[in-house]
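Okay, structure first, notes after.
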Amino acid sequence: MVVQEIVDHGSCERRDLLLKKFPPAALEFLKIQGLGPKSIALLFEHYQVSTIDELERLCLDQKLRVLPRMGAKLEEKVLKSIAQYRQRTGRYLLSYAEDMARELTGYLGETPGIEQITLAGSLRRGRETVGDLDLLVTGPAAADVLERFVRFPRVEQLLARGENKASATVGREGLQVDVRALPRESFGAALQYFTGSKDHNVAVRTRAVKMGFKLSEYGLYRSADETKVAGETEAGVYEALGLGWIPPELRENLGEIERAAEGRLPELVELAQIRGDVHMHTTESDGRASLEEMAAAARERGYEYIAITDHSKSLAMTNGLDEKRAVAFAAEVRERNRNGLGLRIFSGLECDILKDGAMDLAHDALAELDLVIGSVHSHMNMESAEMTDRLLHALECPSLRVLGHPTGRILLHRDAFPFDFERVVDEAVRRGVWLEINASPERLDLGANLIRTAKARGARFIISTDAHHPKHLGNMHYGVITARRGWLAPADIMNTLPLDRFAAAMSR
Ligand SMILES: [Zn+2]
Ligand SMILES: [Zn+2]
């Protein structure tokens, strides 16, 4: 499972090298759970299989089980993950969609006479994966924008071109983009409509009907005489329906409309409230930059503190720290803080949670560190009961402060491992262990739904980037969006605390 580790830890050079050895279809096959590079090589060798459909056929014909180290169980597993894979295709990481949207709005924004370009859809709601991009443009030059969009160099296939709308796939990955030109007077209604979600919009429209209105992407109209009462701004539409403006991240019909009607929308955390990033790696393990470089980048972001949390020894390929190096590292960080680095550095460790739930390093070494994150990086194919026991055992470690990327999922690649989430959360709450919202766009772990569940059970959180490079510190906003989708307020998130209070909470 070398590739698994590489994907987890972002060591791209090695990954690229490995991928070069395989035909292009191997890239796709690697996304099928249960297939590692070795089994893929074997499949190529024996069957010259080149598509997912062919692979499915082989499983159905029971042709995998005749190969060494493969069996009926694997066929079953591969079939299941092919089904999952098909569900995932056509979806893109939030970060990919956001980069494309930025490039596109920059390009379209150069159209003379343009008034505004706004993103709608699931990207505006901050969903962890995005199916397509929705761009709305207004102004007298809107038609020119459509024309310019069609000529965007990264357009792969033009799907439709009408008077007010153009659709195309952009980029090699085939992300679909819809651009709509709108009259200014219906911009707000259109933005509300195209932001979604579907469930939210159905509920809002139902409310409108009950109040004697009709709501469409053109505006809000009184049913009796078709008079338009709102539509130019989104806030105006919500206001006319007796609702406060609802942040897009909340628009999933999970109670936000009722709360807006009562004027009790939750206070949501904002990026500017994050005061430190407490999960990152350096060249001590598998990071790409030194402690000084990470600290400088964090200072530039205005953080008051960071924690350096390199890997522990059982992740041998990352050159993880053993007890001796961990203790020496803690002493070194104490020394460096004396010299004033412009921000406080905490000595930390991302300590592996071993197969049986024990910590990878001895307790007395862990006790020397300011912040211990416990993470599962291996043996993820456990039964739920076994994984639950493993995590509960890990929580017994008195030095443990954070449960890192708690479900182990890799978006569009690997599902969360199964465990009794509520039981583990309850135990974490009881022991004062915080849950991580890992902001790496491949993880976003915990995700929004589990965040809500955990918050309802009294959990505390940190949002951290798990940066392996200074530029990854910029991923913090993906974590913040995810926290907002989980209805979190700044008070739920420990790294919104100022330095002294964070330090006190951490060492408690
Ligand atoms: Zn990790
Ligand atoms: Zn990490």
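To be explicit about the labels: the chains of the structure tokens are called A, B, and onward in the order shown, and within each one the residues are counted from 1, while ligands get numbers from 1 in the order they are shown.
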Q: Within 7 Å of ligand 1, which residues show up when you count only C-alpha atoms and all ligand atoms? List them as a list in words, please.
A: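 My answer, listing the contacting residues, is Glu350, Ser375, His377, Gly404 and His405 of chain A.
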In segment 307-443 of chain A, what's strand (DSSP E) per DSSP? Answer as an mmCIF file with N, CA and C atoms, in the first residue's frame?
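This is the output file part01.cif:
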data_model
loop_
_atom_site.group_PDB
_atom_site.id
_atom_site.type_symbol
_atom_site.label_atom_id
_atom_site.label_comp_id
_atom_site.auth_asym_id
_atom_site.auth_seq_id
_atom_site.Cartn_x
_atom_site.Cartn_y
_atom_site.Cartn_z
ATOM 1 N N ALA A 307 1.879 24.821 15.727
ATOM 2 C CA ALA A 307 2.501 23.624 16.297
ATOM 3 C C ALA A 307 3.101 22.835 15.142
ATOM 4 N N ILE A 308 4.336 22.414 15.346
ATOM 5 C CA ILE A 308 4.994 21.535 14.371
ATOM 6 C C ILE A 308 4.703 20.106 14.810
ATOM 7 N N THR A 309 4.057 19.354 13.944
ATOM 8 C CA THR A 309 3.608 18.011 14.329
ATOM 9 C C THR A 309 4.068 17.000 13.290
ATOM 10 N N ASP A 310 5.345 16.656 13.339
ATOM 11 C CA ASP A 310 5.852 15.677 12.385
ATOM 12 C C ASP A 310 5.386 14.268 12.762
ATOM 13 N N HIS A 311 5.638 13.343 11.851
ATOM 14 C CA HIS A 311 5.172 11.973 12.058
ATOM 15 C C HIS A 311 6.017 11.234 13.092
ATOM 16 N N ARG A 344 4.680 32.163 18.479
ATOM 17 C CA ARG A 344 5.000 31.080 19.385
ATOM 18 C C ARG A 344 4.939 29.749 18.636
ATOM 19 N N ILE A 345 5.966 28.943 18.854
ATOM 20 C CA ILE A 345 5.969 27.610 18.258
ATOM 21 C C ILE A 345 5.750 26.579 19.356
ATOM 22 N N PHE A 346 4.807 25.701 19.137
ATOM 23 C CA PHE A 346 4.595 24.593 20.054
ATOM 24 C C PHE A 346 5.250 23.346 19.477
ATOM 25 N N SER A 347 5.871 22.581 20.355
ATOM 26 C CA SER A 347 6.419 21.309 19.902
ATOM 27 C C SER A 347 5.283 20.302 19.898
ATOM 28 N N GLY A 348 5.134 19.645 18.780
ATOM 29 C CA GLY A 348 4.045 18.673 18.685
ATOM 30 C C GLY A 348 4.479 17.420 17.963
ATOM 31 N N LEU A 349 3.537 16.528 17.827
ATOM 32 C CA LEU A 349 3.807 15.283 17.112
ATOM 33 C C LEU A 349 2.479 14.758 16.585
ATOM 34 N N GLU A 350 2.506 14.276 15.351
ATOM 35 C CA GLU A 350 1.362 13.515 14.873
ATOM 36 C C GLU A 350 1.724 12.055 15.107
ATOM 37 N N CYS A 351 1.266 11.568 16.242
ATOM 38 C CA CYS A 351 1.678 10.240 16.686
ATOM 39 C C CYS A 351 0.752 9.181 16.090
ATOM 40 N N ASP A 352 1.352 8.179 15.497
ATOM 41 C CA ASP A 352 0.557 7.112 14.916
ATOM 42 C C ASP A 352 -0.230 6.352 15.975
ATOM 43 N N LEU A 371 1.896 19.434 22.183
ATOM 44 C CA LEU A 371 0.631 19.030 21.556
ATOM 45 C C LEU A 371 0.792 17.695 20.842
ATOM 46 N N VAL A 372 0.007 16.732 21.259
ATOM 47 C CA VAL A 372 0.055 15.428 20.599
ATOM 48 C C VAL A 372 -1.256 15.193 19.846
ATOM 49 N N ILE A 373 -1.104 14.996 18.543
ATOM 50 C CA ILE A 373 -2.234 14.606 17.700
ATOM 51 C C ILE A 373 -2.108 13.108 17.486
ATOM 52 N N GLY A 374 -3.182 12.383 17.664
ATOM 53 C CA GLY A 374 -3.156 10.948 17.380
ATOM 54 C C GLY A 374 -3.893 10.681 16.081
ATOM 55 N N SER A 375 -3.250 9.963 15.161
ATOM 56 C CA SER A 375 -3.875 9.714 13.855
ATOM 57 C C SER A 375 -3.714 8.261 13.438
ATOM 58 N N LEU A 400 -2.633 12.691 24.780
ATOM 59 C CA LEU A 400 -3.351 12.953 23.529
ATOM 60 C C LEU A 400 -4.272 14.163 23.682
ATOM 61 N N ARG A 401 -4.154 15.112 22.745
ATOM 62 C CA ARG A 401 -5.020 16.291 22.823
ATOM 63 C C ARG A 401 -5.957 16.381 21.623
ATOM 64 N N VAL A 402 -5.526 15.815 20.475
ATOM 65 C CA VAL A 402 -6.312 15.962 19.246
ATOM 66 C C VAL A 402 -6.413 14.610 18.540
ATOM 67 N N LEU A 403 -7.602 14.313 18.044
ATOM 68 C CA LEU A 403 -7.763 13.156 17.169
ATOM 69 C C LEU A 403 -7.675 13.674 15.728
ATOM 70 N N TRP A 434 -9.763 17.049 21.507
ATOM 71 C CA TRP A 434 -10.422 17.814 20.445
ATOM 72 C C TRP A 434 -10.412 17.032 19.142
ATOM 73 N N LEU A 435 -11.420 17.305 18.320
ATOM 74 C CA LEU A 435 -11.506 16.635 17.018
ATOM 75 C C LEU A 435 -10.957 17.564 15.946
ATOM 76 N N GLU A 436 -10.190 16.982 15.058
ATOM 77 C CA GLU A 436 -9.623 17.801 13.990
ATOM 78 C C GLU A 436 -10.599 17.949 12.826
ATOM 79 N N ILE A 437 -10.630 19.151 12.278
ATOM 80 C CA ILE A 437 -11.198 19.347 10.950
ATOM 81 C C ILE A 437 -9.984 19.581 10.062
ATOM 82 N N ASN A 438 -9.569 18.530 9.390
ATOM 83 C CA ASN A 438 -8.363 18.587 8.574
ATOM 84 C C ASN A 438 -8.712 19.319 7.281
#
Q. Skipping near chain neighbours, those fewer than 6 positions away, what residues fall within 8 Å of segment 148-150 of chain A using only C-alpha atoms, listed as a PyMOL selection string?
A. chain A and resi 108+111+158+166+168+179
Output C-alpha atoms for every residue in that selection, as a tab-separated table (two decimals), in the first residue's frame.
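And here's result.tsv as it stands now:
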chain	number	residue	atom	x	y	z
A	108	LEU	CA	-14.11	36.78	-18.09
A	111	THR	CA	-14.56	41.80	-20.82
A	158	LEU	CA	-18.95	23.45	-26.19
A	166	ALA	CA	-23.41	29.07	-22.57
A	168	ALA	CA	-18.95	23.97	-21.93
A	179	VAL	CA	-22.36	30.86	-17.65
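Of note, atom CA of Lys313 of chain A and atom CA of Ile462 of chain A are spaced 24.2 Å apart.
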Q: Find the spatial neighbours of Leu79 of chain A, counting only C-alpha atoms, within a cut-off of 9 Å - ignore same-chain residues fewer than 5 positions away - and output them as a PyMOL selection string.
A: chain A and resi 55-56+59-60+74+84
Deliver the residues from the most recent selection as a file, using C-alpha atoms, as a PDB file, in the first residue's frame.
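Output (part-v9.pdb):
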ATOM      1  CA  LEU A  55     -12.101  -4.806 -14.963  1.00  0.00           C
ATOM      2  CA  GLU A  56     -15.713  -5.177 -13.875  1.00  0.00           C
ATOM      3  CA  CYS A  59     -14.577  -9.678 -11.579  1.00  0.00           C
ATOM      4  CA  LEU A  60     -17.999 -10.864 -12.721  1.00  0.00           C
ATOM      5  CA  LEU A  74     -11.167  -9.195  -3.653  1.00  0.00           C
ATOM      6  CA  GLN A  84     -18.593   3.751  -5.690  1.00  0.00           C
TER       7      GLN A  84
END
Q: Please provide as a ChimeraX atom specification all residues within 12 Å of Tyr107 of chain A, with the sequence filter that same-chain residues fewer than 4 positions apart are discarded (counting only C-alpha atoms).
A: /A:100-103,111-112,114,117,145-146,148-154
May I have the residues from that selection written out with N, CA and C atoms, as a JSON list (two decimals), in the first residue's frame?
[["chain", "number", "residue", "atom", "x", "y", "z"],
["A", 100, "MET", "N", -10.23, 26.62, -10.80],
["A", 100, "MET", "CA", -10.77, 26.83, -12.14],
["A", 100, "MET", "C", -11.68, 28.06, -12.17],
["A", 101, "ALA", "N", -12.49, 28.21, -11.13],
["A", 101, "ALA", "CA", -13.40, 29.36, -11.06],
["A", 101, "ALA", "C", -12.61, 30.66, -11.01],
["A", 102, "ARG", "N", -11.51, 30.65, -10.27],
["A", 102, "ARG", "CA", -10.70, 31.86, -10.15],
["A", 102, "ARG", "C", -10.10, 32.24, -11.50],
["A", 103, "GLU", "N", -9.59, 31.21, -12.18],
["A", 103, "GLU", "CA", -8.99, 31.46, -13.49],
["A", 103, "GLU", "C", -10.03, 32.00, -14.47],
["A", 111, "THR", "N", -13.62, 41.33, -19.80],
["A", 111, "THR", "CA", -14.56, 41.80, -20.82],
["A", 111, "THR", "C", -14.93, 43.25, -20.53],
["A", 112, "PRO", "N", -14.76, 44.15, -21.49],
["A", 112, "PRO", "CA", -15.13, 45.54, -21.24],
["A", 112, "PRO", "C", -16.62, 45.68, -20.95],
["A", 114, "ILE", "N", -18.28, 44.88, -18.27],
["A", 114, "ILE", "CA", -18.90, 43.88, -17.39],
["A", 114, "ILE", "C", -19.17, 44.50, -16.01],
["A", 117, "ILE", "N", -19.34, 39.37, -11.99],
["A", 117, "ILE", "CA", -19.37, 37.93, -12.21],
["A", 117, "ILE", "C", -19.48, 37.30, -10.83],
["A", 145, "VAL", "N", -19.63, 38.60, -22.65],
["A", 145, "VAL", "CA", -19.00, 37.66, -21.73],
["A", 145, "VAL", "C", -19.21, 36.24, -22.21],
["A", 146, "LEU", "N", -20.42, 35.94, -22.67],
["A", 146, "LEU", "CA", -20.70, 34.60, -23.20],
["A", 146, "LEU", "C", -19.79, 34.31, -24.39],
["A", 148, "ARG", "N", -16.91, 35.63, -24.98],
["A", 148, "ARG", "CA", -15.54, 35.47, -24.50],
["A", 148, "ARG", "C", -15.36, 34.09, -23.84],
["A", 149, "PHE", "N", -16.38, 33.67, -23.11],
["A", 149, "PHE", "CA", -16.32, 32.35, -22.46],
["A", 149, "PHE", "C", -16.11, 31.24, -23.49],
["A", 150, "VAL", "N", -16.86, 31.32, -24.59],
["A", 150, "VAL", "CA", -16.76, 30.30, -25.62],
["A", 150, "VAL", "C", -15.35, 30.21, -26.17],
["A", 151, "ARG", "N", -14.63, 31.33, -26.13],
["A", 151, "ARG", "CA", -13.26, 31.37, -26.65],
["A", 151, "ARG", "C", -12.20, 31.12, -25.57],
["A", 152, "PHE", "N", -12.65, 30.81, -24.35],
["A", 152, "PHE", "CA", -11.71, 30.51, -23.26],
["A", 152, "PHE", "C", -10.79, 29.37, -23.72],
["A", 153, "PRO", "N", -9.48, 29.59, -23.66],
["A", 153, "PRO", "CA", -8.56, 28.58, -24.22],
["A", 153, "PRO", "C", -8.71, 27.19, -23.62],
["A", 154, "ARG", "N", -9.22, 27.10, -22.41],
["A", 154, "ARG", "CA", -9.30, 25.78, -21.78],
["A", 154, "ARG", "C", -10.64, 25.08, -22.02]]
(Q) So the first atom is atom CA of Leu446 of chain A and the second is atom CA of Ser378 of chain A; what is the distance between them in Å, to one decimal place? (A) 17.9 Å
Q.
Show me, as number ranges by chain, the residues that have an atom within 12 Å of Asp364 of chain A when counting only C-alpha atoms, minus same-chain residues fewer than 6 positions from it.
A. A: 323-324, 326-327, 397-399
Q.
I want to know what sits within 10 Å of Arg409 of chain A, based on only C-alpha atoms, with residues of the same chain fewer than 6 positions away left out; could you give that as a ChimeraX atom specification?
A. /A:8,380,415-417,442-447
Saved selection, atoms kept: C-alpha atoms, as a CSV table (one decimal), in the first residue's frame:
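For reference, selection_23.csv as written:
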chain,number,residue,atom,x,y,z
A,8,ASP,CA,-1.9,10.3,2.4
A,380,MET,CA,-7.8,0.9,7.9
A,415,ASP,CA,-14.2,6.2,2.1
A,416,ALA,CA,-14.2,6.9,5.8
A,417,PHE,CA,-13.3,3.8,7.8
A,442,GLU,CA,-8.3,15.9,-0.3
A,443,ARG,CA,-9.5,15.1,3.2
A,444,LEU,CA,-11.9,17.7,4.8
A,445,ASP,CA,-12.1,15.3,7.7
A,446,LEU,CA,-14.3,15.6,9.7
A,447,GLY,CA,-16.9,16.5,7.1
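Taking atom CA of Ala160 of chain A and atom CA of Ala181 of chain A as the two end points, the separation is 13.7 Å.
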Q. So which bits of segment 10-134 of chain A end up alpha helix (DSSP H) when you DSSP the backbone, as a count of residues only?
A. 72
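Nearest-residue note for ligand 2: choosing from A:Glu75, A:Asp370, A:Asp277, A:Glu300, the minimum distance belongs to A:Asp277, counting only C-alpha atoms and all ligand atoms.
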Q) Which residue, A:Lys214, A:Arg125, A:Arg251, A:His379, has the smallest gap to Glu226 of chain A when you use only C-alpha atoms? A)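 Comparing A:Lys214, A:Arg125, A:Arg251, A:His379 against Glu226 of chain A, the winner is A:Lys214.
Considering the residues A:Gly263, A:Pro406, A:Pro418, A:Gly212 and counting only C-alpha atoms and all ligand atoms, ligand 2 has its shortest atom-to-atom contact with A:Pro406.
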Q. With distances taken over only C-alpha atoms, which of A:Glu147, A:Glu249, A:Glu76, A:Glu234 is nearest to Ala448 of chain A?
A. A:Glu249
